[in-house]
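Structure file protein22.cif with mmCIF, C-alpha atoms:
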data_query
#
loop_
_atom_site.label_atom_id
_atom_site.label_comp_id
_atom_site.auth_asym_id
_atom_site.auth_seq_id
_atom_site.Cartn_x
_atom_site.Cartn_y
_atom_site.Cartn_z
CA ARG A 1 16.17 10.28 24.45
CA ILE A 2 14.28 7.88 26.64
CA ALA A 3 13.65 9.60 29.98
CA ARG A 4 14.30 7.67 33.15
CA VAL A 5 11.40 7.44 35.56
CA ARG A 6 11.28 5.88 38.98
CA PRO A 7 10.05 2.28 38.54
CA PRO A 8 6.84 1.31 40.35
CA GLY A 9 7.48 0.19 43.89
CA ALA A 10 10.95 1.75 44.15
CA GLN A 11 11.72 2.91 47.68
CA VAL A 12 12.72 6.52 48.11
CA LEU A 13 14.60 7.33 51.32
CA VAL A 14 14.49 10.94 52.42
CA GLU A 15 17.07 11.62 55.14
CA ARG A 16 17.33 14.78 57.14
CA LEU A 17 21.01 15.45 57.17
CA GLY A 18 22.50 16.20 60.55
CA HIS A 19 19.55 14.72 62.48
CA LYS A 20 20.30 11.59 64.49
CA GLY A 21 16.99 11.13 66.29
CA GLY A 22 13.96 9.29 65.07
CA ALA A 23 11.53 12.22 65.47
CA THR A 24 11.73 15.65 63.97
CA PRO A 25 12.84 18.13 66.65
CA GLU A 26 10.50 20.97 67.56
CA PRO A 27 11.71 24.46 66.69
CA THR A 28 12.98 26.50 69.70
CA GLU A 29 12.91 30.20 70.21
CA LYS A 30 16.19 32.03 70.24
CA SER A 31 17.05 35.52 71.48
CA ALA A 32 18.08 38.07 68.97
CA GLY A 33 21.63 38.00 70.23
CA ALA A 34 21.94 34.27 70.18
CA GLU A 35 22.88 34.26 66.54
CA GLU A 36 26.21 35.90 67.34
CA THR A 37 28.96 34.84 69.65
CA ALA A 38 30.31 37.03 72.44
CA GLY A 39 33.05 38.25 70.12
CA GLY A 40 30.53 39.52 67.61
CA GLU A 41 31.32 36.86 65.08
CA ALA A 42 28.57 34.89 63.37
CA ALA A 43 28.06 31.38 64.70
CA SER A 44 29.22 28.68 62.32
CA ALA A 45 26.58 26.35 60.85
CA PRO A 46 26.42 22.87 62.38
CA THR A 47 28.14 20.05 60.53
CA LEU A 48 25.58 18.04 58.52
CA GLU A 49 26.19 14.31 58.44
CA PRO A 50 24.02 11.59 56.92
CA LYS A 51 22.09 9.42 59.33
CA ALA A 52 23.90 6.26 60.29
CA GLY A 53 22.20 2.99 59.38
CA LYS A 54 21.89 0.57 56.50
CA PRO A 55 23.25 1.86 53.19
CA LEU A 56 20.88 3.53 50.79
CA ILE A 57 19.82 1.44 47.79
CA PRO A 58 20.29 3.12 44.40
CA LEU A 59 17.05 3.65 42.53
CA PHE A 60 18.42 2.23 39.27
CA GLU A 61 20.76 -0.56 40.35
CA GLY A 62 22.96 -1.81 37.53
CA MET A 63 21.71 0.75 35.01
CA ASP A 64 24.15 2.95 33.19
CA GLU A 65 23.22 6.17 31.45
CA ASP A 66 25.48 5.16 28.58
CA ASP A 67 23.25 2.13 27.91
CA ASP A 68 20.33 4.29 26.81
CA GLU A 69 19.00 3.66 23.31
CA ASP A 70 17.19 6.51 21.65
CA ASP A 71 14.19 6.04 19.36
CA GLU A 72 16.18 6.30 16.15
CA GLU A 73 18.68 3.65 17.26
CA ARG A 74 15.90 1.32 18.42
CA GLN A 75 13.97 1.72 15.16
CA ALA A 76 17.12 1.10 13.14
CA ARG A 77 17.92 -2.03 15.15
CA GLU A 78 14.38 -3.39 14.85
CA ALA A 79 14.34 -2.71 11.09
CA LYS A 80 17.66 -4.51 10.70
CA GLU A 81 16.40 -7.52 12.67
CA ALA A 82 13.18 -7.64 10.63
CA THR A 83 15.13 -7.52 7.37
CA ALA A 84 17.44 -10.31 8.51
CA LEU A 85 14.43 -12.46 9.48
CA LEU A 86 12.77 -11.93 6.09
CA GLU A 87 16.00 -12.83 4.30
CA GLN A 88 16.36 -15.96 6.41
CA GLU A 89 12.76 -17.02 5.71
CA ALA A 90 13.11 -16.30 1.99
CA ALA A 91 16.22 -18.50 1.78
CA GLN A 92 14.64 -21.51 3.52
CA LYS A 93 14.90 -24.68 1.43
CA ASN A 94 13.51 -27.47 3.62
CA CYS A 95 10.22 -28.09 5.39
CA ASP A 96 10.35 -27.51 9.15
CA PHE A 97 8.43 -30.76 9.77
CA CYS A 98 9.70 -33.44 7.38
CA ARG A 99 13.02 -31.68 6.60
CA LYS A 100 12.57 -32.41 2.91
CA ALA A 101 12.42 -29.97 0.00
CA LEU A 102 9.78 -27.25 0.26
CA ILE A 103 7.15 -27.50 -2.48
CA GLN A 104 4.08 -25.25 -2.58
CA PRO A 105 5.02 -24.01 0.90
CA ILE A 106 2.92 -22.21 3.46
CA ARG A 107 4.25 -20.04 6.28
CA LEU A 108 2.17 -20.22 9.47
CA THR A 109 1.46 -16.71 10.72
CA LYS A 110 1.89 -17.22 14.47
CA CYS A 111 4.91 -19.51 14.82
CA ARG A 112 6.51 -18.73 11.40
CA CYS A 113 7.10 -22.42 10.67
CA ALA A 114 7.20 -23.33 6.95
CA LEU A 115 5.48 -26.52 5.79
CA CYS A 116 5.62 -28.27 2.44
CA ALA A 117 2.38 -29.20 0.67
CA CYS A 118 2.88 -32.88 1.53
CA CYS A 119 2.88 -32.13 5.25
CA VAL A 120 -0.06 -29.76 4.87
CA GLU A 121 -2.08 -32.60 3.34
CA VAL A 122 -1.69 -34.82 6.40
CA THR A 123 -1.47 -32.26 9.24
CA VAL A 124 -2.91 -28.74 9.31
CA ARG A 125 -5.49 -29.57 6.66
CA TYR A 126 -7.27 -31.51 9.40
CA MET A 127 -5.62 -30.51 12.70
CA ARG A 128 -5.50 -26.86 13.65
CA GLU A 129 -2.09 -26.96 15.32
CA CYS A 130 1.40 -26.66 13.92
CA PRO A 131 2.92 -30.17 13.74
CA VAL A 132 6.32 -28.74 14.65
CA CYS A 133 5.60 -26.64 17.76
CA ASP A 134 1.86 -27.22 18.51
CA THR A 135 1.03 -23.52 18.10
CA PRO A 136 -2.62 -22.96 17.03
CA VAL A 137 -2.90 -21.97 13.38
CA ASP A 138 -4.98 -19.18 11.90
CA VAL A 139 -7.86 -20.37 9.72
CA LYS A 140 -9.97 -18.26 7.37
CA GLY A 141 -12.76 -19.64 5.23
CA GLY A 142 -11.87 -23.18 6.29
CA LYS A 143 -8.29 -22.84 5.02
CA VAL A 144 -5.05 -22.28 6.90
CA VAL A 145 -3.76 -18.72 6.57
CA SER A 146 -0.31 -18.58 4.96
CA ASP A 147 2.22 -15.76 5.15
CA ALA A 148 4.77 -17.15 2.69
CA SER A 149 6.71 -14.27 1.15
CA PRO A 150 6.91 -13.77 -2.63
CA GLU A 151 10.68 -14.19 -2.36
CA LEU A 152 10.28 -17.65 -0.78
CA LEU A 153 7.76 -18.74 -3.40
CA ALA A 154 10.04 -17.47 -6.18
CA GLN A 155 13.13 -19.31 -4.95
CA VAL A 156 11.09 -22.51 -4.49
CA GLU A 157 9.93 -22.31 -8.10
CA GLU A 158 13.50 -21.76 -9.26
CA ARG A 159 14.68 -24.80 -7.32
CA LEU A 160 11.90 -26.94 -8.80
CA LYS A 161 13.16 -26.11 -12.29
CA ALA A 162 16.64 -27.34 -11.43
CA SER A 163 17.19 -31.03 -12.14
CA ASP A 164 19.28 -31.53 -9.00
CA SER A 165 16.84 -29.87 -6.59
CA GLY A 166 15.88 -33.18 -4.96
CA ALA A 167 12.19 -32.23 -5.06
CA ASP A 168 11.06 -34.85 -7.60
CA GLY A 169 10.19 -37.32 -4.86
CA GLN A 170 8.21 -34.68 -3.00
CA VAL A 171 6.23 -33.77 -6.10
CA ALA A 172 5.34 -37.42 -6.72
CA LEU A 173 4.35 -37.92 -3.07
CA LEU A 174 2.12 -34.84 -3.14
CA GLN A 175 0.28 -36.14 -6.19
CA GLN A 176 -0.30 -39.48 -4.46
CA LEU A 177 -1.69 -37.77 -1.36
CA VAL A 178 -4.02 -35.55 -3.38
CA ASP A 179 -5.30 -38.51 -5.45
CA LEU A 180 -5.92 -40.51 -2.27
CA ARG A 181 -7.87 -37.63 -0.72
CA GLN A 182 -10.02 -37.15 -3.78
CA GLU A 183 -10.87 -40.84 -3.89
CA SER A 184 -11.75 -41.04 -0.18
CA GLN A 185 -14.53 -40.04 2.14
CA ARG A 186 -13.10 -38.53 5.29
CA LEU A 187 -14.54 -37.36 8.58
CA VAL A 188 -12.53 -35.36 11.08
CA LEU A 189 -13.63 -36.39 14.59
CA GLN A 190 -13.08 -34.72 17.94
CA TYR A 191 -13.66 -36.40 21.29
CA GLY A 192 -12.65 -36.01 24.91
CA ASN A 193 -13.71 -35.03 28.42
CA THR A 194 -14.31 -31.89 30.42
CA SER A 195 -14.77 -31.54 34.18
CA SER A 196 -16.03 -28.93 36.62
CA GLY A 197 -16.53 -28.61 40.36
CA SER A 198 -14.44 -30.16 43.11
CA GLY A 199 -14.51 -33.02 45.60
CA SER A 200 -17.64 -35.14 45.65
CA LYS A 201 -19.51 -32.59 43.53
CA ARG A 202 -17.29 -32.91 40.48
CA SER A 203 -19.12 -33.20 37.17
CA TYR A 204 -17.70 -34.81 34.02
CA THR A 205 -18.79 -34.42 30.40
CA THR A 206 -17.68 -36.89 27.74
CA PHE A 207 -18.27 -35.72 24.18
CA PHE A 208 -17.96 -36.65 20.53
CA LYS A 209 -18.15 -34.27 17.57
CA VAL A 210 -17.81 -34.37 13.77
CA VAL A 211 -15.59 -31.38 12.95
CA SER A 212 -15.48 -31.57 9.14
CA ALA A 213 -16.18 -33.91 6.22
CA GLU A 214 -14.68 -34.49 2.74
CA GLY A 215 -15.44 -36.62 -0.28
CA GLY A 216 -19.16 -36.04 -0.47
CA VAL A 217 -19.97 -37.37 3.00
CA PRO A 218 -22.25 -35.01 4.95
CA GLU A 219 -20.85 -33.40 8.08
CA LYS A 220 -24.30 -33.51 9.69
CA GLY A 221 -26.27 -36.71 9.67
CA SER A 222 -23.28 -39.04 9.32
CA VAL A 223 -23.66 -40.44 12.86
CA SER A 224 -26.56 -42.69 13.81
CA LYS A 225 -25.97 -42.64 17.59
CA VAL A 226 -23.29 -42.55 20.27
CA ASP A 227 -23.31 -44.92 23.26
CA PHE A 228 -21.74 -43.81 26.55
CA ASN A 229 -20.92 -46.40 29.19
CA ILE A 230 -19.36 -45.63 32.59
CA ASN A 231 -19.57 -49.32 33.55
CA PRO A 232 -18.14 -51.28 30.61
CA GLY A 233 -18.68 -54.55 32.51
CA TYR A 234 -22.30 -54.30 31.44
CA SER A 235 -23.22 -54.60 27.78
CA LYS A 236 -26.04 -52.08 28.05
CA PRO A 237 -24.76 -48.50 27.76
CA THR A 238 -25.36 -45.98 30.51
CA ALA A 239 -26.74 -43.50 27.99
CA THR A 240 -27.40 -43.32 24.25
CA VAL A 241 -27.43 -40.01 22.37
CA LYS A 242 -29.00 -40.07 18.89
CA GLU A 243 -28.64 -36.38 18.05
CA ALA A 244 -26.13 -33.69 18.90
CA ASN A 245 -27.34 -32.27 22.20
CA ASN A 246 -24.60 -29.75 22.91
CA LYS A 247 -23.99 -26.79 20.61
CA SER A 248 -20.24 -26.66 21.20
CA LEU A 249 -19.43 -30.29 22.07
CA GLY A 250 -21.80 -32.23 19.79
CA TYR A 251 -22.89 -35.56 21.28
CA ALA A 252 -22.36 -35.16 25.03
CA PHE A 253 -23.03 -37.16 28.20
CA GLU A 254 -22.71 -35.52 31.63
CA TYR A 255 -22.35 -37.44 34.87
CA ALA A 256 -21.20 -36.78 38.45
CA MET A 257 -18.57 -38.84 40.24
CA ALA A 258 -16.54 -38.41 43.42
CA ARG A 259 -13.42 -39.43 41.50
CA ALA A 260 -12.19 -39.69 37.94
CA TYR A 261 -13.88 -42.60 36.19
CA PRO A 262 -13.53 -43.89 32.60
CA CYS A 263 -16.38 -43.48 30.18
CA HIS A 264 -16.40 -45.71 27.09
CA MET A 265 -17.87 -44.41 23.85
CA THR A 266 -19.16 -46.40 20.88
CA VAL A 267 -19.91 -44.41 17.73
CA HIS A 268 -22.44 -45.84 15.29
CA PHE A 269 -22.13 -44.36 11.80
CA LYS A 270 -24.95 -44.54 9.30
CA SER A 271 -24.91 -47.61 7.08
CA GLU A 272 -24.68 -45.64 3.82
CA LEU A 273 -21.21 -44.32 4.63
#
Representation of the structure as structure tokens:
Amino acid sequence: RIARVRPPGAQVLVERLGHKGGATPEPTEKSAGAEETAGGEAASAPTLEPKAGKPLIPLFEGMDEDDDEDDEERQAREAKEATALLEQEAAQKNCDFCRKALIQPIRLTKCRCALCACCVEVTVRYMRECPVCDTPVDVKGGKVVSDASPELLAQVEERLKASDSGADGQVALLQQLVDLRQESQRLVLQYGNTSSGSGSKRSYTTFFKVVSAEGGVPEKGSVSKVDFNINPGYSKPTATVKEANNKSLGYAFEYAMARAYPCHMTVHFKSEL
């Protein structure tokens, strides 16, 4: 069984029963005959009473020995919960995002949300967050990692064979999305600001980056230059960056301001795109 141990920080009060003073009394010498009364009878031991004061606090307040759960019971409970979760996931019929029929589903490993292929085409294919709960998704080899169970995939296939499954519209939509992607050139862009320091010594960095490319367009070399302007009232930019100058942020412009200040960006793509 799980052994109880004193939790960290628990206060242990050690009381000397029968002692009412604050300091421990010094031992006194007694004569040999002092241990017996005049009548020859042994002296009775003094009455021991707990020290008066605030009540002692139990070490394990609100805990009952009967509430203990041994290892076998815990393992059995966890196995039962895991089985129920797998059964629930395997029986899922609708996408967690669009609420329509699941077709070619994926199961995100961290949040366990299930997405249909239509939603994958327009969300996690390009954005590395779950569209339902914003949890970061696992990516391997440029593709989102899926943990869809064989049971889920099997029941989805069975439903697709049924004429009343309601998935015909989803299948047609998926084909349209795939055709559109194959006929397009797409760039996934990332941009934003970072800041560091405090007060009048605060430094800001505005950045722009090409994350990925599809449709034959090159990921590198697709941008001609990026203009940064912290004073948009003037037509001439504050800085122009023609090549990626930051390994992690791409095209970046750093400036210092005593307060937050907008920085306008103008991205110039190459004419052949």
Exercise. Which residue out of A:Leu177, A:Phe269, A:Glu81, A:Pro150 has the minimum interatomic distance to A:Thr123 when only C-alpha atoms are used?
Worked result: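 Closest to A:Thr123 of all the choices is A:Leu177.
Coordinates place atom CA of A:Thr240 at a distance of 8.5 Å from atom CA of A:Phe253.
Relative to atom CA of A:Cys116, atom CA of A:Cys95 is found at 5.5 Å.
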Exercise. So which one's closest to A:Arg107, A:Asp134, A:Asp147, A:Glu129, A:Glu69? Using only C-alpha atoms, please.
Worked result: A:Asp147
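Atom CA of A:Gly142 sits 28.1 Å away from atom CA of A:Ala167.
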For this session: I need the residue set behind the PyMOL selection byres ((chain A and resi 241) around 10) for this file; please write it as a list of chain:residue names.
Result: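 Checking the PyMOL selection byres ((chain A and resi 241) around 10) against this file, the residues are A:Ser224, A:Lys225, A:Val226, A:Asp227, A:Phe228, A:Ala239, A:Thr240, A:Lys242, A:Glu243, A:Ala244, A:Asn245, A:Gly250, A:Tyr251, A:Ala252, A:Phe253, A:Val267.
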For this session: List the neighbours of A:Arg159 out to 12 Å using all atoms listed in the file; skip same-chain residues closer than 6 positions along the sequence, and give me the result as a VMD selection string.
Result: chain A and resid 91 to 94 101 to 104 152 to 153 165 to 168
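For A:Thr194, the set of protein, DNA and RNA residues having any atom at most 10 Å away, when counting all atoms listed in the file and skipping those fewer than 2 positions along the same chain, is A:Gly192, A:Ser196, A:Ser203, A:Tyr204, A:Thr205, A:Thr206, A:Phe207, A:Leu249, A:Glu254.
Closest approach to A:Gln175 among A:Ser198, A:Cys118, A:Asn231, A:Asp138: A:Cys118, based on all atoms listed in the file.
The nearest approach to A:Val132 among the residues A:Glu151, A:Arg112, A:Val144, A:Val223, with only C-alpha atoms taken into account, belongs to A:Arg112.
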Problem set entry | Explicit residues for the PyMOL selection byres ((chain A and resi 122) around 12) (as a VMD selection string) | chain A and resid 97 to 98 115 to 121 123 to 131 173 to 174 176 to 178 180 to 181 188
Write a file of the selected residues as a JSON list (two decimals), in the coordinates of the input, keeping C-alpha atoms.
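Saved to out_23.json:
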[["chain", "number", "residue", "atom", "x", "y", "z"],
["A", 97, "PHE", "CA", 8.43, -30.76, 9.77],
["A", 98, "CYS", "CA", 9.70, -33.44, 7.38],
["A", 115, "LEU", "CA", 5.48, -26.52, 5.79],
["A", 116, "CYS", "CA", 5.62, -28.27, 2.44],
["A", 117, "ALA", "CA", 2.38, -29.20, 0.67],
["A", 118, "CYS", "CA", 2.88, -32.88, 1.53],
["A", 119, "CYS", "CA", 2.88, -32.13, 5.25],
["A", 120, "VAL", "CA", -0.06, -29.76, 4.87],
["A", 121, "GLU", "CA", -2.08, -32.60, 3.34],
["A", 123, "THR", "CA", -1.47, -32.26, 9.24],
["A", 124, "VAL", "CA", -2.91, -28.74, 9.31],
["A", 125, "ARG", "CA", -5.49, -29.57, 6.66],
["A", 126, "TYR", "CA", -7.27, -31.51, 9.40],
["A", 127, "MET", "CA", -5.62, -30.51, 12.70],
["A", 128, "ARG", "CA", -5.50, -26.86, 13.65],
["A", 129, "GLU", "CA", -2.09, -26.96, 15.32],
["A", 130, "CYS", "CA", 1.40, -26.66, 13.92],
["A", 131, "PRO", "CA", 2.92, -30.17, 13.74],
["A", 173, "LEU", "CA", 4.35, -37.92, -3.07],
["A", 174, "LEU", "CA", 2.12, -34.84, -3.14],
["A", 176, "GLN", "CA", -0.30, -39.48, -4.46],
["A", 177, "LEU", "CA", -1.69, -37.77, -1.36],
["A", 178, "VAL", "CA", -4.02, -35.55, -3.38],
["A", 180, "LEU", "CA", -5.92, -40.51, -2.27],
["A", 181, "ARG", "CA", -7.87, -37.63, -0.72],
["A", 188, "VAL", "CA", -12.53, -35.36, 11.08]]
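Compared by their closest atoms to A:Ser200, and using only C-alpha atoms, the residues A:Lys100, A:Gly216, A:Ser149, A:Met257 rank with A:Met257 nearest.
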